$ cat model-v1.cif   # mmCIF, C-alpha atoms
data_data
#
loop_
_atom_site.label_atom_id
_atom_site.label_comp_id
_atom_site.auth_asym_id
_atom_site.auth_seq_id
_atom_site.Cartn_x
_atom_site.Cartn_y
_atom_site.Cartn_z
CA MET F 1 24.75 -69.18 185.30
CA LYS F 2 26.19 -67.66 182.11
CA HIS F 3 22.85 -66.25 181.01
CA SER F 4 22.13 -64.98 184.55
CA VAL F 5 25.38 -63.01 184.44
CA ARG F 6 24.43 -61.51 181.08
CA GLY F 7 20.97 -60.57 182.29
CA LEU F 8 22.28 -59.07 185.52
CA SER F 9 24.86 -56.97 183.68
CA ALA F 10 22.22 -55.56 181.35
CA LEU F 11 19.84 -54.87 184.25
CA ILE F 12 22.54 -52.98 186.15
CA LEU F 13 23.20 -50.73 183.16
CA MET F 14 19.49 -50.16 182.55
CA ALA F 15 18.78 -49.42 186.21
CA ALA F 16 21.62 -46.91 186.38
CA GLY F 17 20.35 -45.27 183.22
CA SER F 18 16.76 -45.00 184.48
CA GLN F 19 17.91 -43.35 187.72
CA ALA F 20 19.79 -40.75 185.69
CA LEU F 21 16.83 -39.82 183.48
CA ALA F 22 15.28 -37.39 185.93
CA GLN F 23 18.21 -34.95 186.01
CA ALA F 24 20.27 -35.72 182.91
CA ASP F 25 20.59 -34.51 179.35
CA VAL F 26 18.62 -37.11 177.36
CA THR F 27 18.63 -37.57 173.57
CA ARG F 28 16.24 -39.99 171.86
CA THR F 29 16.14 -41.12 168.22
CA ALA F 30 13.96 -43.52 166.28
CA GLU F 31 14.82 -44.94 162.84
CA LEU F 32 12.56 -46.67 160.32
CA GLY F 33 12.86 -47.91 156.75
CA ALA F 34 10.44 -50.12 154.83
CA LEU F 35 9.89 -51.60 151.36
CA PHE F 36 6.70 -53.33 150.19
CA THR F 37 6.10 -54.74 146.68
CA SER F 38 3.16 -56.58 145.15
CA GLY F 39 2.17 -58.01 141.77
CA ASN F 40 4.60 -60.44 140.18
CA THR F 41 6.71 -60.34 143.36
CA GLU F 42 5.39 -59.93 146.87
CA GLU F 43 8.10 -58.79 149.25
CA GLN F 44 8.21 -56.91 152.53
CA SER F 45 11.31 -55.49 154.19
CA LEU F 46 11.45 -53.54 157.44
CA ASN F 47 14.47 -52.25 159.32
CA PHE F 48 14.17 -50.19 162.48
CA GLY F 49 16.27 -48.74 165.24
CA ALA F 50 16.01 -46.80 168.48
CA GLU F 51 18.59 -45.05 170.62
CA ILE F 52 18.60 -43.33 174.01
CA ASP F 53 21.67 -41.33 175.10
CA ILE F 54 21.78 -40.13 178.72
CA ASP F 55 24.52 -37.68 179.68
CA GLN F 56 24.90 -36.94 183.39
CA GLU F 57 28.03 -35.35 184.84
CA GLN F 58 30.84 -37.96 184.54
CA TRP F 59 28.51 -40.71 183.29
CA ASP F 60 27.21 -41.27 179.78
CA TYR F 61 24.73 -44.10 179.10
CA LEU F 62 23.76 -45.37 175.65
CA PHE F 63 21.04 -47.90 174.83
CA THR F 64 20.42 -49.01 171.23
CA LEU F 65 18.12 -51.49 169.52
CA ASP F 66 18.33 -52.43 165.83
CA GLY F 67 16.19 -54.88 163.90
CA LEU F 68 15.67 -56.28 160.42
CA TYR F 69 12.78 -58.30 158.99
CA THR F 70 12.42 -59.43 155.37
CA SER F 71 9.94 -61.80 153.74
CA SER F 72 9.30 -62.83 150.12
CA GLU F 73 6.22 -64.70 148.89
CA SER F 74 5.19 -65.15 152.56
CA VAL F 75 8.53 -66.82 153.40
CA VAL F 76 10.73 -65.14 156.01
CA LYS F 77 14.18 -64.44 154.55
CA ALA F 78 15.83 -62.42 157.34
CA GLN F 79 15.04 -61.74 160.97
CA ARG F 80 17.61 -60.09 163.24
CA VAL F 81 17.56 -58.02 166.45
CA ILE F 82 20.63 -56.47 168.14
CA GLY F 83 20.54 -54.72 171.53
CA ILE F 84 23.45 -52.83 173.13
CA ALA F 85 23.78 -51.20 176.57
CA ARG F 86 26.86 -49.08 177.27
CA ALA F 87 28.07 -46.95 180.17
CA ASN F 88 31.06 -44.57 179.98
CA TYR F 89 32.67 -43.04 183.08
CA GLN F 90 34.74 -39.94 182.30
CA ILE F 91 38.12 -39.92 184.09
CA SER F 92 39.55 -36.87 182.28
CA ASP F 93 38.58 -34.48 179.50
CA ILE F 94 39.64 -37.00 176.84
CA SER F 95 39.61 -40.45 178.49
CA TYR F 96 37.04 -42.77 180.07
CA PHE F 97 36.27 -46.29 181.22
CA GLN F 98 33.55 -48.22 179.37
CA THR F 99 31.31 -51.14 180.30
CA ARG F 100 29.44 -52.61 177.34
CA ALA F 101 26.94 -55.47 176.97
CA SER F 102 25.38 -56.63 173.69
CA HIS F 103 22.98 -59.36 172.57
CA GLU F 104 22.33 -60.43 168.95
CA ASP F 105 19.54 -62.76 167.86
CA ASP F 106 19.84 -63.61 164.15
CA ARG F 107 17.45 -66.32 163.01
CA PHE F 108 19.42 -67.14 159.84
CA SER F 109 23.00 -66.89 161.10
CA GLY F 110 23.24 -70.50 162.24
CA PHE F 111 23.47 -69.30 165.86
CA ASP F 112 20.53 -69.09 168.23
CA SER F 113 22.14 -65.99 169.79
CA GLN F 114 25.47 -64.32 170.57
CA SER F 115 26.15 -62.06 173.55
CA ASP F 116 29.21 -60.34 174.96
CA LEU F 117 30.28 -58.27 177.95
CA THR F 118 33.44 -56.11 177.80
CA PHE F 119 35.35 -53.65 179.98
CA SER F 120 37.46 -51.11 178.10
CA TYR F 121 39.51 -47.94 178.25
CA GLY F 122 38.49 -45.20 175.82
CA ARG F 123 40.05 -42.00 174.52
CA GLU F 124 38.88 -39.04 172.43
CA MET F 125 41.47 -38.46 169.71
CA LEU F 126 40.24 -35.30 167.90
CA SER F 127 39.11 -33.10 170.78
CA ASN F 128 40.74 -30.05 169.12
CA ARG F 129 38.54 -30.34 166.00
CA ALA F 130 35.11 -28.71 165.99
CA ASP F 131 33.87 -30.58 162.90
CA MET F 132 35.25 -34.05 163.73
CA SER F 133 35.26 -36.55 166.58
CA LEU F 134 37.07 -39.85 167.00
CA ASN F 135 36.65 -42.20 169.94
CA VAL F 136 38.85 -45.29 170.28
CA VAL F 137 38.32 -48.02 172.90
CA GLY F 138 40.17 -51.22 173.75
CA GLY F 139 39.48 -53.82 176.39
CA ILE F 140 38.73 -57.41 177.36
CA GLY F 141 35.61 -59.42 178.02
CA VAL F 142 33.74 -62.63 177.31
CA ARG F 143 31.43 -63.82 174.51
CA TRP F 144 28.62 -66.35 174.94
CA THR F 145 27.34 -68.26 171.88
CA ARG F 146 24.22 -70.41 171.87
CA PHE F 147 23.75 -72.75 168.89
CA ASN F 148 20.51 -73.79 167.23
CA ASP F 149 20.98 -77.38 168.41
CA GLY F 150 20.81 -76.23 172.03
CA GLY F 151 24.54 -76.30 172.79
CA ASP F 152 26.46 -73.25 173.94
CA SER F 153 30.01 -72.07 174.50
CA ASP F 154 31.89 -69.13 175.99
CA GLU F 155 35.25 -67.60 175.15
CA PRO F 156 37.42 -64.66 176.28
CA ILE F 157 37.66 -61.81 173.77
CA LEU F 158 39.79 -58.76 173.10
CA ARG F 159 37.76 -55.85 171.72
CA LEU F 160 39.05 -52.84 169.78
CA ALA F 161 36.66 -50.25 168.33
CA GLY F 162 36.59 -46.78 166.83
CA GLU F 163 33.77 -44.29 166.21
CA TYR F 164 34.41 -41.41 163.77
CA ASP F 165 32.01 -38.54 162.98
CA TRP F 166 32.58 -35.74 160.48
CA THR F 167 30.19 -32.81 160.22
CA LEU F 168 30.21 -32.10 156.50
CA SER F 169 27.78 -29.16 156.72
CA GLU F 170 25.05 -27.79 158.94
CA SER F 171 22.73 -30.50 157.66
CA ALA F 172 24.98 -33.50 156.84
CA VAL F 173 27.09 -35.85 159.00
CA PHE F 174 29.33 -38.72 157.88
CA SER F 175 29.97 -41.56 160.35
CA GLN F 176 32.26 -44.59 160.33
CA ASP F 177 32.24 -47.18 163.13
CA LEU F 178 34.68 -50.10 163.15
CA SER F 179 35.15 -52.90 165.68
CA ALA F 180 37.17 -56.09 166.02
CA GLU F 181 36.45 -58.77 168.61
CA ALA F 182 39.20 -61.38 168.69
CA GLY F 183 38.14 -64.52 170.53
CA SER F 184 39.80 -67.82 171.35
CA LYS F 185 37.33 -69.65 169.05
CA SER F 186 36.15 -67.02 166.55
CA ASP F 187 36.79 -63.41 165.52
CA ILE F 188 34.06 -60.91 164.64
CA TYR F 189 34.66 -57.75 162.59
CA ARG F 190 32.01 -55.06 162.07
CA SER F 191 31.82 -51.92 159.94
CA GLU F 192 29.03 -49.34 159.82
CA THR F 193 29.29 -46.49 157.31
CA SER F 194 26.57 -43.84 157.09
CA ILE F 195 25.66 -40.38 155.85
CA GLU F 196 22.79 -38.57 157.56
CA THR F 197 21.16 -35.47 156.06
CA ALA F 198 18.64 -33.27 157.83
CA ILE F 199 15.32 -32.82 156.05
CA MET F 200 13.47 -30.94 158.77
CA GLU F 201 14.39 -29.76 162.26
CA ASN F 202 13.81 -33.18 163.87
CA LEU F 203 13.77 -35.43 160.80
CA SER F 204 16.73 -36.79 158.82
CA LEU F 205 17.37 -39.20 155.96
CA ARG F 206 20.11 -41.76 156.59
CA PHE F 207 21.98 -43.98 154.13
CA SER F 208 23.99 -46.77 155.77
CA VAL F 209 26.04 -49.85 154.92
CA ASN F 210 26.61 -52.43 157.67
CA ILE F 211 29.07 -55.32 157.30
CA LYS F 212 29.67 -58.17 159.73
CA HIS F 213 32.39 -60.79 159.17
CA GLN F 214 32.88 -63.80 161.45
CA THR F 215 35.79 -66.15 160.92
CA ASP F 216 34.12 -69.31 162.25
CA VAL F 217 30.45 -69.95 161.38
CA PRO F 218 28.20 -73.06 161.24
CA VAL F 219 28.45 -75.29 158.18
CA GLY F 220 26.49 -73.94 155.23
CA LYS F 221 26.52 -70.32 156.46
CA LYS F 222 28.46 -67.42 154.92
CA ASN F 223 31.13 -65.60 156.88
CA THR F 224 30.07 -62.12 155.77
CA ASP F 225 26.70 -60.37 156.03
CA THR F 226 26.06 -56.98 154.39
CA GLN F 227 23.06 -54.72 154.93
CA THR F 228 22.41 -51.54 152.92
CA ALA F 229 19.55 -49.32 154.09
CA ILE F 230 17.90 -45.93 153.57
CA THR F 231 15.93 -44.90 156.65
CA PHE F 232 14.17 -41.91 158.21
CA VAL F 233 15.55 -40.81 161.57
CA MET F 234 13.50 -38.79 164.06
CA ASN F 235 15.03 -36.95 167.01
CA PHE F 236 12.89 -36.11 170.03
#

$ encode --input "model-v1.cif" --output "structure tokens"
Amino acid sequence: MKHSVRGLSALILMAAGSQALAQADVTRTAELGALFTSGNTEEQSLNFGAEIDIDQEQWDYLFTLDGLYTSSESVVKAQRVIGIARANYQISDISYFQTRASHEDDRFSGFDSQSDLTFSYGREMLSNRADMSLNVVGGIGVRWTRFNDGGDSDEPILRLAGEYDWTLSESAVFSQDLSAEAGSKSDIYRSETSIETAIMENLSLRFSVNIKHQTDVPVGKKNTDTQTAITFVMNF
């Protein structure tokens, strides 16, 4: 039943987004970074991302997918995929309601998967600034965790998040996203810091640092994961 609810929530958001495509303002981006070495050390690392933003009247839909794969000497060292579906309904010039669903599958985290569904109120805090934007949301929801041994659990969560963008120049943008999900069994904190610089009209170079900290993790696993990446971003 828990997984059916998760799947249904995601399908509702995706269906609403697909209906809006025909007559909405749609922005698409694809992100890719890779590293391959051979000789004394054979290593392959690939991180990728995709994003679709659909803006239609009072509704704004966002779908993102991020992944990481790393292997060394033919042994897989990291394998992670994160998908997020989000729908914002504008209730005034600076405030909105948000429904958000996410699913994370990290092979080496000690969890089989973690998913959450939240309902929040959001507000734009720097609407008077042309070069900056700050969105803050706060709400409640539920998190589902499935363990590698086949067991699972669910817990209510309180989610607070902020998204800050600063246009440094015509070709460079600094971004800082922070979120805190306080649960009855475990808390999760995330930080994503990035600088994106335009190379060509539809091509940019992005440097990013992602940090995830979870207070309660399986035995033998670390609480904090950090990912630093340099990727190419294409807008189309």

$ closest_residue --input "model-v1.cif" --among "F:Asn128, F:Gln58, F:Thr37, F:Gln98" --to "Ser71 in chain F" --atoms "all atoms listed in the file"
F:Thr37

$ atom_distance --input "model-v1.cif" --atom1 "CA of Thr167 in chain F" --atom2 "CA of Asp225 in chain F"
28.1 Å

$ residues_near_point --input "model-v1.cif" --point "(16.9, -29.2, 163.9)" --cutoff "12 Å" --atoms "all atoms listed in the file" --output "NGL selection string"
:F and (170-172 or 197-204 or 233-236)

$ closest_residue --input "model-v1.cif" --among "F:Ser38, F:Gln56, F:Asn148, F:Asn88" --to "Asp25 in chain F" --atoms "all atoms listed in the file"
F:Gln56

$ closest_residue --input "model-v1.cif" --among "F:Gln44, F:Asp55, F:Ser102, F:Leu160" --to "Lys77 in chain F" --atoms "all atoms listed in the file"
F:Gln44

$ resolve_selection --input "model-v1.cif" --expression "the PyMOL selection byres ((chain F and resi 164) around 7)" --output "MDAnalysis selection string"
chainID F and resid 133:135 162:163 165:166 175:177

$ closest_residue --input "model-v1.cif" --among "F:Ser191, F:Arg100, F:Thr231, F:Thr118" --to "Leu68 in chain F" --atoms "only C-alpha atoms"
F:Thr231

$ atom_distance --input "model-v1.cif" --atom1 "CA of Ile52 in chain F" --atom2 "CA of Gly83 in chain F"
11.8 Å

$ atom_distance --input "model-v1.cif" --atom1 "CA of Glu73 in chain F" --atom2 "CA of Lys222 in chain F"
23.2 Å

$ closest_residue --input "model-v1.cif" --among "F:Phe48, F:Gly39, F:Gln114, F:Val219" --to "Asp152 in chain F" --atoms "all atoms listed in the file"
F:Gln114

$ residues_around --input "model-v1.cif" --residues "range 136-144 of chain F" --least-positions-apart "6" --cutoff "8 Å" --atoms "all atoms listed in the file" --output "list in words"
Lys2, Gln114, Ser115, Asp116, Leu117, Thr118, Phe119, Ser120, Tyr121, Gly122, Arg123, Glu124, Met125, Asp152, Ser153, Asp154, Glu155, Pro156, Ile157, Leu158, Arg159, Leu160, Ala161, Gly162, Glu163 and Gly183 of chain F

$ resolve_selection --input "model-v1.cif" --expression "the PyMOL selection byres ((chain F and resi 82) around 7)" --output "PyMOL selection string"
chain F and resi 65-67+80-81+83-84+103-105

$ residues_around --input "model-v1.cif" --residues "Phe36 in chain F" --least-positions-apart "6" --cutoff "12 Å" --atoms "all atoms listed in the file" --output "JSON, numbers by chain"
{"F": [42, 43, 44, 45, 46, 69, 70, 71, 72, 73]}

$ resolve_selection --input "model-v1.cif" --expression "the PyMOL selection byres ((chain F and resi 28) around 8)" --output "VMD selection string"
chain F and resid 26 to 27 29 to 30 50 to 53 235 to 236

$ residues_near_point --input "model-v1.cif" --point "(33.2, -53.7, 162.6)" --cutoff "8 Å" --atoms "only C-alpha atoms" --output "MDAnalysis selection string"
chainID F and resid 161 177:180 188:192 211:213

$ closest_residue --input "model-v1.cif" --among "F:Val209, F:Ile230, F:Leu126, F:Leu168" --to "Asp93 in chain F" --atoms "only C-alpha atoms"
F:Leu126

$ residues_around --input "model-v1.cif" --residues "Asp149 in chain F" --least-positions-apart "3" --cutoff "12 Å" --atoms "all atoms listed in the file" --output "list in words"
Gly110, Phe111, Asp112, Ser113, Thr145, Arg146, Asp152 and Pro218 of chain F

$ write_last_selection --input "model-v1.cif" --atoms "C-alpha atoms" --output "short mmCIF file (atom, residue, chain, number, x, y, z; two decimals), in the frame of the given file"
data_model
loop_
_atom_site.label_atom_id
_atom_site.label_comp_id
_atom_site.auth_asym_id
_atom_site.auth_seq_id
_atom_site.Cartn_x
_atom_site.Cartn_y
_atom_site.Cartn_z
CA GLY F 110 23.24 -70.50 162.24
CA PHE F 111 23.47 -69.30 165.86
CA ASP F 112 20.53 -69.09 168.23
CA SER F 113 22.14 -65.99 169.79
CA THR F 145 27.34 -68.26 171.88
CA ARG F 146 24.22 -70.41 171.87
CA ASP F 152 26.46 -73.25 173.94
CA PRO F 218 28.20 -73.06 161.24
#

$ build_atoms --input "model-v1.cif" --residues "range 82-108 of chain F" --atoms "N, CA and C atoms" --output "compact mmCIF listing (two decimals), keeping the file's coordinate frame"
# COMPACT_ATOMS: atom_id res chain seq x y z
N ILE F 82 19.39 -56.72 167.40
CA ILE F 82 20.63 -56.47 168.14
C ILE F 82 20.37 -55.40 169.19
N GLY F 83 20.67 -55.68 170.45
CA GLY F 83 20.54 -54.72 171.53
C GLY F 83 21.88 -54.47 172.19
N ILE F 84 22.17 -53.21 172.51
CA ILE F 84 23.45 -52.83 173.13
C ILE F 84 23.17 -51.87 174.29
N ALA F 85 23.81 -52.11 175.43
CA ALA F 85 23.78 -51.20 176.57
C ALA F 85 25.22 -50.84 176.91
N ARG F 86 25.49 -49.53 177.06
CA ARG F 86 26.86 -49.08 177.27
C ARG F 86 26.90 -47.96 178.30
N ALA F 87 27.89 -48.00 179.18
CA ALA F 87 28.07 -46.95 180.17
C ALA F 87 29.52 -46.48 180.15
N ASN F 88 29.73 -45.17 179.97
CA ASN F 88 31.06 -44.57 179.98
C ASN F 88 31.23 -43.71 181.23
N TYR F 89 32.35 -43.88 181.92
CA TYR F 89 32.67 -43.04 183.08
C TYR F 89 33.89 -42.20 182.74
N GLN F 90 33.69 -40.86 182.70
CA GLN F 90 34.74 -39.94 182.30
C GLN F 90 35.78 -39.81 183.41
N ILE F 91 37.06 -40.06 183.10
CA ILE F 91 38.12 -39.92 184.09
C ILE F 91 39.01 -38.71 183.81
N SER F 92 38.88 -38.13 182.62
CA SER F 92 39.55 -36.87 182.28
C SER F 92 38.79 -36.26 181.11
N ASP F 93 39.27 -35.14 180.61
CA ASP F 93 38.58 -34.48 179.50
C ASP F 93 38.55 -35.33 178.24
N ILE F 94 39.55 -36.24 178.08
CA ILE F 94 39.64 -37.00 176.84
C ILE F 94 39.69 -38.51 177.05
N SER F 95 39.53 -39.01 178.26
CA SER F 95 39.61 -40.45 178.49
C SER F 95 38.49 -40.93 179.41
N TYR F 96 38.15 -42.22 179.30
CA TYR F 96 37.04 -42.77 180.07
C TYR F 96 37.16 -44.29 180.15
N PHE F 97 36.43 -44.85 181.11
CA PHE F 97 36.27 -46.29 181.22
C PHE F 97 34.90 -46.65 180.66
N GLN F 98 34.81 -47.81 180.00
CA GLN F 98 33.55 -48.22 179.37
C GLN F 98 33.17 -49.65 179.76
N THR F 99 31.90 -49.82 180.12
CA THR F 99 31.31 -51.14 180.30
C THR F 99 30.25 -51.31 179.21
N ARG F 100 30.33 -52.41 178.49
CA ARG F 100 29.44 -52.61 177.34
C ARG F 100 28.90 -54.03 177.31
N ALA F 101 27.58 -54.16 177.11
CA ALA F 101 26.94 -55.47 176.97
C ALA F 101 26.10 -55.47 175.70
N SER F 102 26.17 -56.55 174.92
CA SER F 102 25.38 -56.63 173.69
C SER F 102 24.78 -58.03 173.54
N HIS F 103 23.66 -58.08 172.83
CA HIS F 103 22.98 -59.36 172.57
C HIS F 103 22.45 -59.32 171.14
N GLU F 104 22.77 -60.35 170.35
CA GLU F 104 22.33 -60.43 168.95
C GLU F 104 21.58 -61.73 168.73
N ASP F 105 20.37 -61.61 168.19
CA ASP F 105 19.54 -62.76 167.86
C ASP F 105 19.26 -62.72 166.37
N ASP F 106 19.97 -63.57 165.61
CA ASP F 106 19.84 -63.61 164.15
C ASP F 106 19.34 -64.99 163.75
N ARG F 107 18.10 -65.04 163.29
CA ARG F 107 17.45 -66.32 163.01
C ARG F 107 18.16 -67.12 161.92
N PHE F 108 18.84 -66.44 160.98
CA PHE F 108 19.42 -67.14 159.84
C PHE F 108 20.95 -67.17 159.86
